[in-house]
>>> print(open('model.cif').read())   # mmCIF, C-alpha atoms
data_run
#
loop_
_atom_site.group_PDB
_atom_site.id
_atom_site.type_symbol
_atom_site.label_atom_id
_atom_site.label_comp_id
_atom_site.auth_asym_id
_atom_site.auth_seq_id
_atom_site.Cartn_x
_atom_site.Cartn_y
_atom_site.Cartn_z
ATOM 1 C CA MET A 1035 45.239 122.170 -13.875
ATOM 2 C CA ARG A 1036 42.076 120.104 -13.776
ATOM 3 C CA LEU A 1037 43.454 117.877 -10.991
ATOM 4 C CA LEU A 1038 43.229 120.810 -8.581
ATOM 5 C CA ARG A 1039 39.500 121.007 -9.141
ATOM 6 C CA PHE A 1040 39.056 117.408 -8.046
ATOM 7 C CA ALA A 1041 41.570 117.439 -5.196
ATOM 8 C CA PRO A 1042 38.945 118.249 -2.506
ATOM 9 C CA VAL A 1043 36.790 115.331 -3.681
ATOM 10 C CA ILE A 1044 39.698 112.953 -4.074
ATOM 11 C CA LEU A 1045 41.066 113.864 -0.666
ATOM 12 C CA GLY A 1046 37.681 114.327 0.984
ATOM 13 C CA LEU A 1047 37.426 112.466 2.309
ATOM 14 C CA VAL A 1048 34.473 109.505 1.238
ATOM 15 C CA ALA A 1049 27.926 101.830 -2.671
ATOM 16 C CA LEU A 1050 24.507 102.447 -3.740
ATOM 17 C CA LEU A 1051 23.562 98.955 -2.588
ATOM 18 C CA LEU A 1052 20.758 98.804 -0.040
ATOM 19 C CA THR A 1053 21.735 97.424 3.344
ATOM 20 C CA ALA A 1054 20.219 93.969 3.550
ATOM 21 C CA ALA A 1055 20.119 91.294 6.189
ATOM 22 C CA PRO A 1056 22.391 88.266 5.695
ATOM 23 C CA GLY A 1057 20.952 85.926 3.103
ATOM 24 C CA GLU A 1058 19.038 88.567 1.181
ATOM 25 C CA PRO A 1059 20.005 88.899 -2.516
ATOM 26 C CA ARG A 1060 21.395 92.417 -2.319
ATOM 27 C CA ALA A 1061 23.701 91.448 0.539
ATOM 28 C CA GLN A 1062 25.449 89.115 -1.904
ATOM 29 C CA GLU A 1063 25.963 91.970 -4.387
ATOM 30 C CA ALA A 1064 27.745 94.271 -1.949
ATOM 31 C CA ARG A 1065 31.272 93.178 -2.829
ATOM 32 C CA PRO A 1066 34.127 95.722 -2.717
ATOM 33 C CA ARG A 1067 34.281 96.266 -6.494
ATOM 34 C CA ALA A 1068 30.501 96.724 -6.663
ATOM 35 C CA VAL A 1069 30.579 99.264 -3.816
ATOM 36 C CA VAL A 1070 33.197 101.398 -5.553
ATOM 37 C CA SER A 1071 31.611 101.027 -8.979
ATOM 38 C CA ALA A 1072 28.189 102.115 -7.716
ATOM 39 C CA LEU A 1073 29.653 105.087 -5.849
ATOM 40 C CA GLN A 1074 31.581 106.269 -8.890
ATOM 41 C CA GLU A 1075 28.521 105.882 -11.097
ATOM 42 C CA GLU A 1076 26.597 108.200 -8.773
ATOM 43 C CA LEU A 1077 29.457 110.717 -8.646
ATOM 44 C CA LEU A 1078 29.547 110.774 -12.437
ATOM 45 C CA ALA A 1079 25.761 111.063 -12.720
ATOM 46 C CA THR A 1080 25.786 113.987 -10.282
ATOM 47 C CA MET A 1081 28.509 115.724 -12.277
ATOM 48 C CA LYS A 1082 26.504 115.323 -15.484
ATOM 49 C CA ALA A 1083 23.352 116.715 -13.842
ATOM 50 C CA ALA A 1084 25.148 119.448 -11.894
ATOM 51 C CA LYS A 1085 24.212 122.334 -14.178
ATOM 52 C CA HIS A 1086 20.583 121.764 -13.205
ATOM 53 C CA LEU A 1087 21.296 121.316 -9.483
ATOM 54 C CA ASP A 1088 22.289 123.784 -6.799
ATOM 55 C CA PHE A 1089 24.546 122.827 -3.887
ATOM 56 C CA GLU A 1090 21.682 121.643 -1.699
ATOM 57 C CA ALA A 1091 20.260 119.432 -4.462
ATOM 58 C CA ARG A 1092 23.678 117.903 -5.149
ATOM 59 C CA TYR A 1093 24.141 117.320 -1.413
ATOM 60 C CA ASP A 1094 20.748 115.611 -1.092
ATOM 61 C CA ARG A 1095 21.534 113.423 -4.084
ATOM 62 C CA LEU A 1096 24.973 112.371 -2.868
ATOM 63 C CA LEU A 1097 24.123 111.827 0.821
ATOM 64 C CA PRO A 1098 22.429 108.402 0.563
ATOM 65 C CA ALA A 1099 25.071 107.127 -1.878
ATOM 66 C CA MET A 1100 27.946 108.166 0.359
ATOM 67 C CA GLU A 1101 26.289 106.886 3.528
ATOM 68 C CA LEU A 1102 26.051 103.467 1.907
ATOM 69 C CA ALA A 1103 29.586 103.576 0.500
ATOM 70 C CA PHE A 1104 31.612 104.959 3.432
ATOM 71 C CA ASP A 1105 31.959 103.756 7.010
ATOM 72 C CA PHE A 1106 31.775 107.257 8.482
ATOM 73 C CA ASP A 1107 31.663 105.977 12.073
ATOM 74 C CA GLU A 1108 34.936 104.079 11.672
ATOM 75 C CA ILE A 1109 36.630 106.812 9.631
ATOM 76 C CA THR A 1110 35.743 109.418 12.233
ATOM 77 C CA ARG A 1111 36.874 107.211 15.122
ATOM 78 C CA ILE A 1112 40.276 106.634 13.518
ATOM 79 C CA ALA A 1113 40.655 110.276 12.492
ATOM 80 C CA VAL A 1114 39.925 111.510 16.024
ATOM 81 C CA GLY A 1115 42.424 109.042 17.498
ATOM 82 C CA HIS A 1116 42.990 108.475 21.221
ATOM 83 C CA SER A 1117 40.571 111.244 22.198
ATOM 84 C CA TRP A 1118 37.672 109.180 20.872
ATOM 85 C CA ALA A 1119 37.611 106.874 23.917
ATOM 86 C CA ARG A 1120 37.383 109.884 26.245
ATOM 87 C CA MET A 1121 34.318 111.319 24.490
ATOM 88 C CA ASN A 1122 30.808 110.436 25.620
ATOM 89 C CA LYS A 1123 28.367 108.863 23.136
ATOM 90 C CA ALA A 1124 26.542 112.127 22.457
ATOM 91 C CA LYS A 1125 29.781 113.895 21.574
ATOM 92 C CA GLN A 1126 30.913 110.995 19.381
ATOM 93 C CA ASP A 1127 27.618 111.053 17.492
ATOM 94 C CA GLN A 1128 27.912 114.809 17.008
ATOM 95 C CA VAL A 1129 31.414 114.554 15.572
ATOM 96 C CA VAL A 1130 30.418 111.700 13.238
ATOM 97 C CA ALA A 1131 27.416 113.685 11.979
ATOM 98 C CA LEU A 1132 29.526 116.784 11.360
ATOM 99 C CA PHE A 1133 32.246 114.798 9.606
ATOM 100 C CA ARG A 1134 29.654 113.051 7.433
ATOM 101 C CA GLN A 1135 28.208 116.440 6.519
ATOM 102 C CA PHE A 1136 31.679 117.772 5.741
ATOM 103 C CA SER A 1137 32.529 114.794 3.514
ATOM 104 C CA VAL A 1138 29.302 114.988 1.514
ATOM 105 C CA SER A 1139 29.525 118.783 1.314
ATOM 106 C CA THR A 1140 33.056 118.530 -0.088
ATOM 107 C CA TYR A 1141 31.828 116.328 -2.911
ATOM 108 C CA ALA A 1142 28.699 118.420 -3.503
ATOM 109 C CA SER A 1143 30.791 121.566 -3.731
ATOM 110 C CA ALA A 1144 33.362 120.106 -6.119
ATOM 111 C CA LEU A 1145 31.001 118.197 -8.405
ATOM 112 C CA ALA A 1146 29.530 121.333 -9.929
ATOM 113 C CA GLY A 1147 29.995 120.437 -13.588
ATOM 114 C CA TYR A 1148 31.001 117.833 -16.131
ATOM 115 C CA SER A 1149 33.799 118.045 -18.697
ATOM 116 C CA GLY A 1150 34.005 114.520 -20.039
ATOM 117 C CA GLU A 1151 35.538 112.858 -16.956
ATOM 118 C CA GLN A 1152 35.271 109.080 -16.569
ATOM 119 C CA PHE A 1153 36.078 106.566 -13.828
ATOM 120 C CA GLU A 1154 37.785 103.249 -14.563
ATOM 121 C CA ILE A 1155 38.291 100.312 -12.179
ATOM 122 C CA GLU A 1156 41.670 98.701 -12.789
ATOM 123 C CA SER A 1157 42.429 96.274 -9.956
ATOM 124 C CA ASP A 1158 41.030 94.374 -7.000
ATOM 125 C CA ARG A 1159 43.456 93.017 -4.427
ATOM 126 C CA ALA A 1160 43.571 91.895 -0.830
ATOM 127 C CA ALA A 1161 45.552 93.977 1.669
ATOM 128 C CA PRO A 1162 46.360 91.576 4.539
ATOM 129 C CA GLY A 1163 45.438 93.075 7.880
ATOM 130 C CA LEU A 1164 43.752 96.057 6.257
ATOM 131 C CA GLY A 1165 40.967 94.889 3.958
ATOM 132 C CA THR A 1166 40.558 95.020 0.191
ATOM 133 C CA ILE A 1167 41.930 97.679 -2.141
ATOM 134 C CA ILE A 1168 40.092 98.599 -5.317
ATOM 135 C CA GLY A 1169 42.365 100.450 -7.705
ATOM 136 C CA THR A 1170 40.678 102.975 -9.993
ATOM 137 C CA ARG A 1171 41.565 106.063 -11.947
ATOM 138 C CA LEU A 1172 39.790 109.266 -12.836
ATOM 139 C CA VAL A 1173 40.264 109.935 -16.541
ATOM 140 C CA LEU A 1174 40.360 113.654 -17.295
ATOM 141 C CA ARG A 1175 39.762 115.100 -20.738
ATOM 142 C CA ASP A 1176 42.565 117.686 -20.636
ATOM 143 C CA ASP A 1177 44.986 116.230 -18.119
ATOM 144 C CA ALA A 1178 46.708 113.008 -17.069
ATOM 145 C CA PRO A 1179 44.545 110.379 -15.338
ATOM 146 C CA VAL A 1180 44.470 110.462 -11.537
ATOM 147 C CA GLU A 1181 44.992 107.195 -9.682
ATOM 148 C CA LEU A 1182 42.468 106.612 -6.891
ATOM 149 C CA ASN A 1183 42.666 103.571 -4.611
ATOM 150 C CA TYR A 1184 39.848 102.708 -2.193
ATOM 151 C CA LEU A 1185 40.417 100.674 0.968
ATOM 152 C CA LEU A 1186 37.335 98.723 2.038
ATOM 153 C CA ARG A 1187 36.588 96.538 5.040
ATOM 154 C CA ALA A 1188 33.772 94.101 5.744
ATOM 155 C CA THR A 1189 31.204 95.406 8.244
ATOM 156 C CA PRO A 1190 27.854 94.064 9.496
ATOM 157 C CA ALA A 1191 26.261 96.372 6.903
ATOM 158 C CA GLY A 1192 28.444 95.101 4.057
ATOM 159 C CA TRP A 1193 31.736 96.267 2.555
ATOM 160 C CA LYS A 1194 32.495 99.909 3.315
ATOM 161 C CA ILE A 1195 35.168 102.379 2.233
ATOM 162 C CA VAL A 1196 37.441 103.464 5.099
ATOM 163 C CA ASP A 1197 40.146 105.304 3.160
ATOM 164 C CA VAL A 1198 40.913 106.799 -0.249
ATOM 165 C CA TYR A 1199 44.435 107.129 -1.629
ATOM 166 C CA LEU A 1200 45.305 109.831 -4.160
ATOM 167 C CA ALA A 1201 48.022 108.889 -6.643
ATOM 168 C CA GLY A 1202 47.872 105.426 -5.108
ATOM 169 C CA THR A 1203 49.611 106.349 -1.851
ATOM 170 C CA ILE A 1204 48.351 109.634 -0.325
ATOM 171 C CA SER A 1205 45.957 108.580 2.451
ATOM 172 C CA GLU A 1206 42.974 110.804 3.099
ATOM 173 C CA LEU A 1207 42.456 109.129 6.479
ATOM 174 C CA ALA A 1208 46.035 109.861 7.563
ATOM 175 C CA ARG A 1209 45.673 113.455 6.423
ATOM 176 C CA ARG A 1210 42.467 113.913 8.400
ATOM 177 C CA ARG A 1211 43.955 112.263 11.488
ATOM 178 C CA ALA A 1212 46.912 114.657 11.416
ATOM 179 C CA GLU A 1213 44.572 117.644 11.035
ATOM 180 C CA PHE A 1214 42.166 116.520 13.761
ATOM 181 C CA SER A 1215 44.944 115.606 16.205
ATOM 182 C CA SER A 1216 46.472 119.054 15.840
ATOM 183 C CA ILE A 1217 43.153 120.767 16.535
ATOM 184 C CA ILE A 1218 42.298 118.520 19.491
ATOM 185 C CA GLN A 1219 45.728 119.043 21.073
ATOM 186 C CA THR A 1220 45.365 122.822 20.992
ATOM 187 C CA GLN A 1221 41.614 123.388 21.252
ATOM 188 C CA GLY A 1222 40.123 120.116 22.454
ATOM 189 C CA VAL A 1223 37.211 118.224 20.947
ATOM 190 C CA ASP A 1224 35.054 121.342 21.105
ATOM 191 C CA GLY A 1225 37.614 123.011 18.855
ATOM 192 C CA LEU A 1226 37.251 120.181 16.340
ATOM 193 C CA ILE A 1227 33.475 120.519 16.456
ATOM 194 C CA ALA A 1228 33.757 124.255 15.859
ATOM 195 C CA LEU A 1229 36.156 123.676 12.950
ATOM 196 C CA LEU A 1230 33.831 121.189 11.253
ATOM 197 C CA LYS A 1231 30.871 123.528 11.671
ATOM 198 C CA THR A 1232 32.878 126.346 10.091
ATOM 199 C CA LYS A 1233 33.951 124.130 7.181
ATOM 200 C CA ASN A 1234 30.402 122.959 6.578
ATOM 201 C CA ALA A 1235 29.027 126.488 6.579
ATOM 202 C CA ALA A 1236 31.723 127.632 4.147
ATOM 203 C CA LEU A 1237 31.046 124.756 1.730
ATOM 204 C CA ALA A 1238 27.283 125.291 1.824
ATOM 205 C CA GLY A 1239 27.681 129.020 1.263
ATOM 206 C CA GLY A 1240 30.328 128.744 -1.429
#
>>> encode(input="model.cif", output="structure tokens")
Amino acid sequence: MRLLRFAPVILGLVALLLTAAPGEPRAQEARPRAVVSALQEELLATMKAAKHLDFEARYDRLLPAMELAFDFDEITRIAVGHSWARMNKAKQDQVVALFRQFSVSTYASALAGYSGEQFEIESDRAAPGLGTIIGTRLVLRDDAPVELNYLLRATPAGWKIVDVYLAGTISELARRRAEFSSIIQTQGVDGLIALLKTKNAALAGG
């Protein structure tokens, strides 16, 4: 089923608008809907160009788009949980970098072709206490559409995605937090670092 092909991207985890200082024109454009729309446009463009790009080229193309769209620092902090406060800055930076690499690698690995898929934005609503949710769906040529909801929060760098929900309710952030907590409880933060390095190597080599 075509959904299985996109599951790593949909669950992976995570705006092509340039970060601008307050008052600059582009800062006014970086609204939640625009962030999601620009990200999905780049995902679709990468899929369409994938037959001419190897993994590394897809990774390099997606990296700046995903860095602008996702708040990887905040996502990683929440996913790591209580152990985050006990880590020194160097260790925190290392985990964020590895998680960012894992997220982009997941997309680069999955977006290896195009079969007529399209993204559609369907709703834009406030989520009190959480942020703003942009409801979208991935329209598949040979399967039922997949509902994708993006949770965004305002940051000093503009609106950023902090979670993605598959089928409208399955939280990628909650899934990652459960996975990371399990690893940290049994193997510590160094175990999490080792796991992310292994995942990244597998995605790059696959």
>>> residues_near_point(input="model.cif", point="(27.8, 102.3, -6.0)", cutoff="12 Å", atoms="all atoms listed in the file", output="ChimeraX atom specification")
/A:1049-1052,1063-1079,1096,1098-1104,1193-1195
>>> write_last_selection(input="model.cif", atoms="C-alpha atoms", output="PDB file, in the coordinates of the input")
ATOM      1  CA  ALA A1049      27.926 101.830  -2.671  1.00  0.00           C
ATOM      2  CA  LEU A1050      24.507 102.447  -3.740  1.00  0.00           C
ATOM      3  CA  LEU A1051      23.562  98.955  -2.588  1.00  0.00           C
ATOM      4  CA  LEU A1052      20.758  98.804  -0.040  1.00  0.00           C
ATOM      5  CA  GLU A1063      25.963  91.970  -4.387  1.00  0.00           C
ATOM      6  CA  ALA A1064      27.745  94.271  -1.949  1.00  0.00           C
ATOM      7  CA  ARG A1065      31.272  93.178  -2.829  1.00  0.00           C
ATOM      8  CA  PRO A1066      34.127  95.722  -2.717  1.00  0.00           C
ATOM      9  CA  ARG A1067      34.281  96.266  -6.494  1.00  0.00           C
ATOM     10  CA  ALA A1068      30.501  96.724  -6.663  1.00  0.00           C
ATOM     11  CA  VAL A1069      30.579  99.264  -3.816  1.00  0.00           C
ATOM     12  CA  VAL A1070      33.197 101.398  -5.553  1.00  0.00           C
ATOM     13  CA  SER A1071      31.611 101.027  -8.979  1.00  0.00           C
ATOM     14  CA  ALA A1072      28.189 102.115  -7.716  1.00  0.00           C
ATOM     15  CA  LEU A1073      29.653 105.087  -5.849  1.00  0.00           C
ATOM     16  CA  GLN A1074      31.581 106.269  -8.890  1.00  0.00           C
ATOM     17  CA  GLU A1075      28.521 105.882 -11.097  1.00  0.00           C
ATOM     18  CA  GLU A1076      26.597 108.200  -8.773  1.00  0.00           C
ATOM     19  CA  LEU A1077      29.457 110.717  -8.646  1.00  0.00           C
ATOM     20  CA  LEU A1078      29.547 110.774 -12.437  1.00  0.00           C
ATOM     21  CA  ALA A1079      25.761 111.063 -12.720  1.00  0.00           C
ATOM     22  CA  LEU A1096      24.973 112.371  -2.868  1.00  0.00           C
ATOM     23  CA  PRO A1098      22.429 108.402   0.563  1.00  0.00           C
ATOM     24  CA  ALA A1099      25.071 107.127  -1.878  1.00  0.00           C
ATOM     25  CA  MET A1100      27.946 108.166   0.359  1.00  0.00           C
ATOM     26  CA  GLU A1101      26.289 106.886   3.528  1.00  0.00           C
ATOM     27  CA  LEU A1102      26.051 103.467   1.907  1.00  0.00           C
ATOM     28  CA  ALA A1103      29.586 103.576   0.500  1.00  0.00           C
ATOM     29  CA  PHE A1104      31.612 104.959   3.432  1.00  0.00           C
ATOM     30  CA  TRP A1193      31.736  96.267   2.555  1.00  0.00           C
ATOM     31  CA  LYS A1194      32.495  99.909   3.315  1.00  0.00           C
ATOM     32  CA  ILE A1195      35.168 102.379   2.233  1.00  0.00           C
TER      33      ILE A1195
END
>>> atom_distance(input="model.cif", atom1="CA of Arg1111 (chain A)", atom2="CA of Val1180 (chain A)")
27.9 Å
>>> resolve_selection(input="model.cif", expression="the PyMOL selection byres ((chain A and resi 1231) around 12)", output="list in words")
Gln1128, Val1129, Val1130, Ala1131, Leu1132, Phe1133, Arg1134, Gln1135, Phe1136, Ser1139, Asp1224, Gly1225, Leu1226, Ile1227, Ala1228, Leu1229, Leu1230, Thr1232, Lys1233, Asn1234, Ala1235, Ala1236, Leu1237 and Ala1238 of chain A
>>> write_last_selection(input="model.cif", atoms="C-alpha atoms", output="CSV table (one decimal), in the coordinates of the input")
chain,number,residue,atom,x,y,z
A,1128,GLN,CA,27.9,114.8,17.0
A,1129,VAL,CA,31.4,114.6,15.6
A,1130,VAL,CA,30.4,111.7,13.2
A,1131,ALA,CA,27.4,113.7,12.0
A,1132,LEU,CA,29.5,116.8,11.4
A,1133,PHE,CA,32.2,114.8,9.6
A,1134,ARG,CA,29.7,113.1,7.4
A,1135,GLN,CA,28.2,116.4,6.5
A,1136,PHE,CA,31.7,117.8,5.7
A,1139,SER,CA,29.5,118.8,1.3
A,1224,ASP,CA,35.1,121.3,21.1
A,1225,GLY,CA,37.6,123.0,18.9
A,1226,LEU,CA,37.3,120.2,16.3
A,1227,ILE,CA,33.5,120.5,16.5
A,1228,ALA,CA,33.8,124.3,15.9
A,1229,LEU,CA,36.2,123.7,13.0
A,1230,LEU,CA,33.8,121.2,11.3
A,1232,THR,CA,32.9,126.3,10.1
A,1233,LYS,CA,34.0,124.1,7.2
A,1234,ASN,CA,30.4,123.0,6.6
A,1235,ALA,CA,29.0,126.5,6.6
A,1236,ALA,CA,31.7,127.6,4.1
A,1237,LEU,CA,31.0,124.8,1.7
A,1238,ALA,CA,27.3,125.3,1.8
>>> atom_distance(input="model.cif", atom1="CA of Tyr1184 (chain A)", atom2="CA of Gly1169 (chain A)")
6.5 Å
>>> closest_residue(input="model.cif", among="A:Ala1201, A:Ala1146, A:Ser1216, A:Leu1207", to="Ala1083 (chain A)", atoms="all atoms listed in the file")
A:Ala1146
>>> atom_distance(input="model.cif", atom1="CA of His1086 (chain A)", atom2="CA of Glu1154 (chain A)")
25.3 Å
>>> resolve_selection(input="model.cif", expression="the PyMOL selection byres ((chain A and resi 1145) around 10)", output="tab-separated table (two decimals) with C-alpha atoms, in the coordinates of the input")
chain	number	residue	atom	x	y	z
A	1039	ARG	CA	39.50	121.01	-9.14
A	1040	PHE	CA	39.06	117.41	-8.05
A	1042	PRO	CA	38.94	118.25	-2.51
A	1043	VAL	CA	36.79	115.33	-3.68
A	1077	LEU	CA	29.46	110.72	-8.65
A	1078	LEU	CA	29.55	110.77	-12.44
A	1079	ALA	CA	25.76	111.06	-12.72
A	1080	THR	CA	25.79	113.99	-10.28
A	1081	MET	CA	28.51	115.72	-12.28
A	1082	LYS	CA	26.50	115.32	-15.48
A	1083	ALA	CA	23.35	116.72	-13.84
A	1084	ALA	CA	25.15	119.45	-11.89
A	1085	LYS	CA	24.21	122.33	-14.18
A	1089	PHE	CA	24.55	122.83	-3.89
A	1092	ARG	CA	23.68	117.90	-5.15
A	1093	TYR	CA	24.14	117.32	-1.41
A	1139	SER	CA	29.52	118.78	1.31
A	1140	THR	CA	33.06	118.53	-0.09
A	1141	TYR	CA	31.83	116.33	-2.91
A	1142	ALA	CA	28.70	118.42	-3.50
A	1143	SER	CA	30.79	121.57	-3.73
A	1144	ALA	CA	33.36	120.11	-6.12
A	1146	ALA	CA	29.53	121.33	-9.93
A	1147	GLY	CA	30.00	120.44	-13.59
A	1148	TYR	CA	31.00	117.83	-16.13
>>> closest_residue(input="model.cif", among="A:Ile1204, A:Ala1113, A:Asp1105, A:Leu1087", to="Ile1217 (chain A)", atoms="all atoms listed in the file")
A:Ala1113
>>> resolve_selection(input="model.cif", expression="the PyMOL selection byres ((chain A and resi 1115) around 12)", output="list in words")
Glu1108, Ile1109, Thr1110, Arg1111, Ile1112, Ala1113, Val1114, His1116, Ser1117, Trp1118, Ala1119, Arg1120, Met1121, Gln1126, Leu1207, Ala1208, Arg1210, Arg1211, Ala1212, Glu1213, Phe1214, Ser1215, Ser1216, Ile1217, Ile1218, Gln1219 and Val1223 of chain A
>>> build_atoms(input="model.cif", residues="region 1101-1114 of chain A", atoms="N, CA and C atoms", output="tab-separated table (two decimals), keeping the file's coordinate frame")
chain	number	residue	atom	x	y	z
A	1101	GLU	N	26.56	107.59	2.27
A	1101	GLU	CA	26.29	106.89	3.53
A	1101	GLU	C	26.39	105.38	3.34
A	1102	LEU	N	25.98	104.89	2.18
A	1102	LEU	CA	26.05	103.47	1.91
A	1102	LEU	C	27.46	103.02	1.53
A	1103	ALA	N	28.25	103.93	0.98
A	1103	ALA	CA	29.59	103.58	0.50
A	1103	ALA	C	30.64	103.66	1.60
A	1104	PHE	N	30.56	104.67	2.45
A	1104	PHE	CA	31.61	104.96	3.43
A	1104	PHE	C	31.20	104.54	4.84
A	1105	ASP	N	32.18	104.06	5.59
A	1105	ASP	CA	31.96	103.76	7.01
A	1105	ASP	C	32.35	105.01	7.80
A	1106	PHE	N	31.46	105.98	7.85
A	1106	PHE	CA	31.78	107.26	8.48
A	1106	PHE	C	32.06	107.12	9.98
A	1107	ASP	N	31.39	106.18	10.65
A	1107	ASP	CA	31.66	105.98	12.07
A	1107	ASP	C	33.12	105.56	12.29
A	1108	GLU	N	33.58	104.58	11.51
A	1108	GLU	CA	34.94	104.08	11.67
A	1108	GLU	C	35.97	105.12	11.22
A	1109	ILE	N	35.70	105.78	10.12
A	1109	ILE	CA	36.63	106.81	9.63
A	1109	ILE	C	36.80	107.91	10.67
A	1110	THR	N	35.68	108.35	11.24
A	1110	THR	CA	35.74	109.42	12.23
A	1110	THR	C	36.48	108.96	13.49
A	1111	ARG	N	36.20	107.74	13.93
A	1111	ARG	CA	36.87	107.21	15.12
A	1111	ARG	C	38.39	107.19	14.93
A	1112	ILE	N	38.84	106.71	13.78
A	1112	ILE	CA	40.28	106.63	13.52
A	1112	ILE	C	40.87	108.03	13.37
A	1113	ALA	N	40.15	108.91	12.71
A	1113	ALA	CA	40.66	110.28	12.49
A	1113	ALA	C	40.79	111.04	13.81
A	1114	VAL	N	39.87	110.83	14.73
A	1114	VAL	CA	39.92	111.51	16.02
A	1114	VAL	C	41.06	110.94	16.88
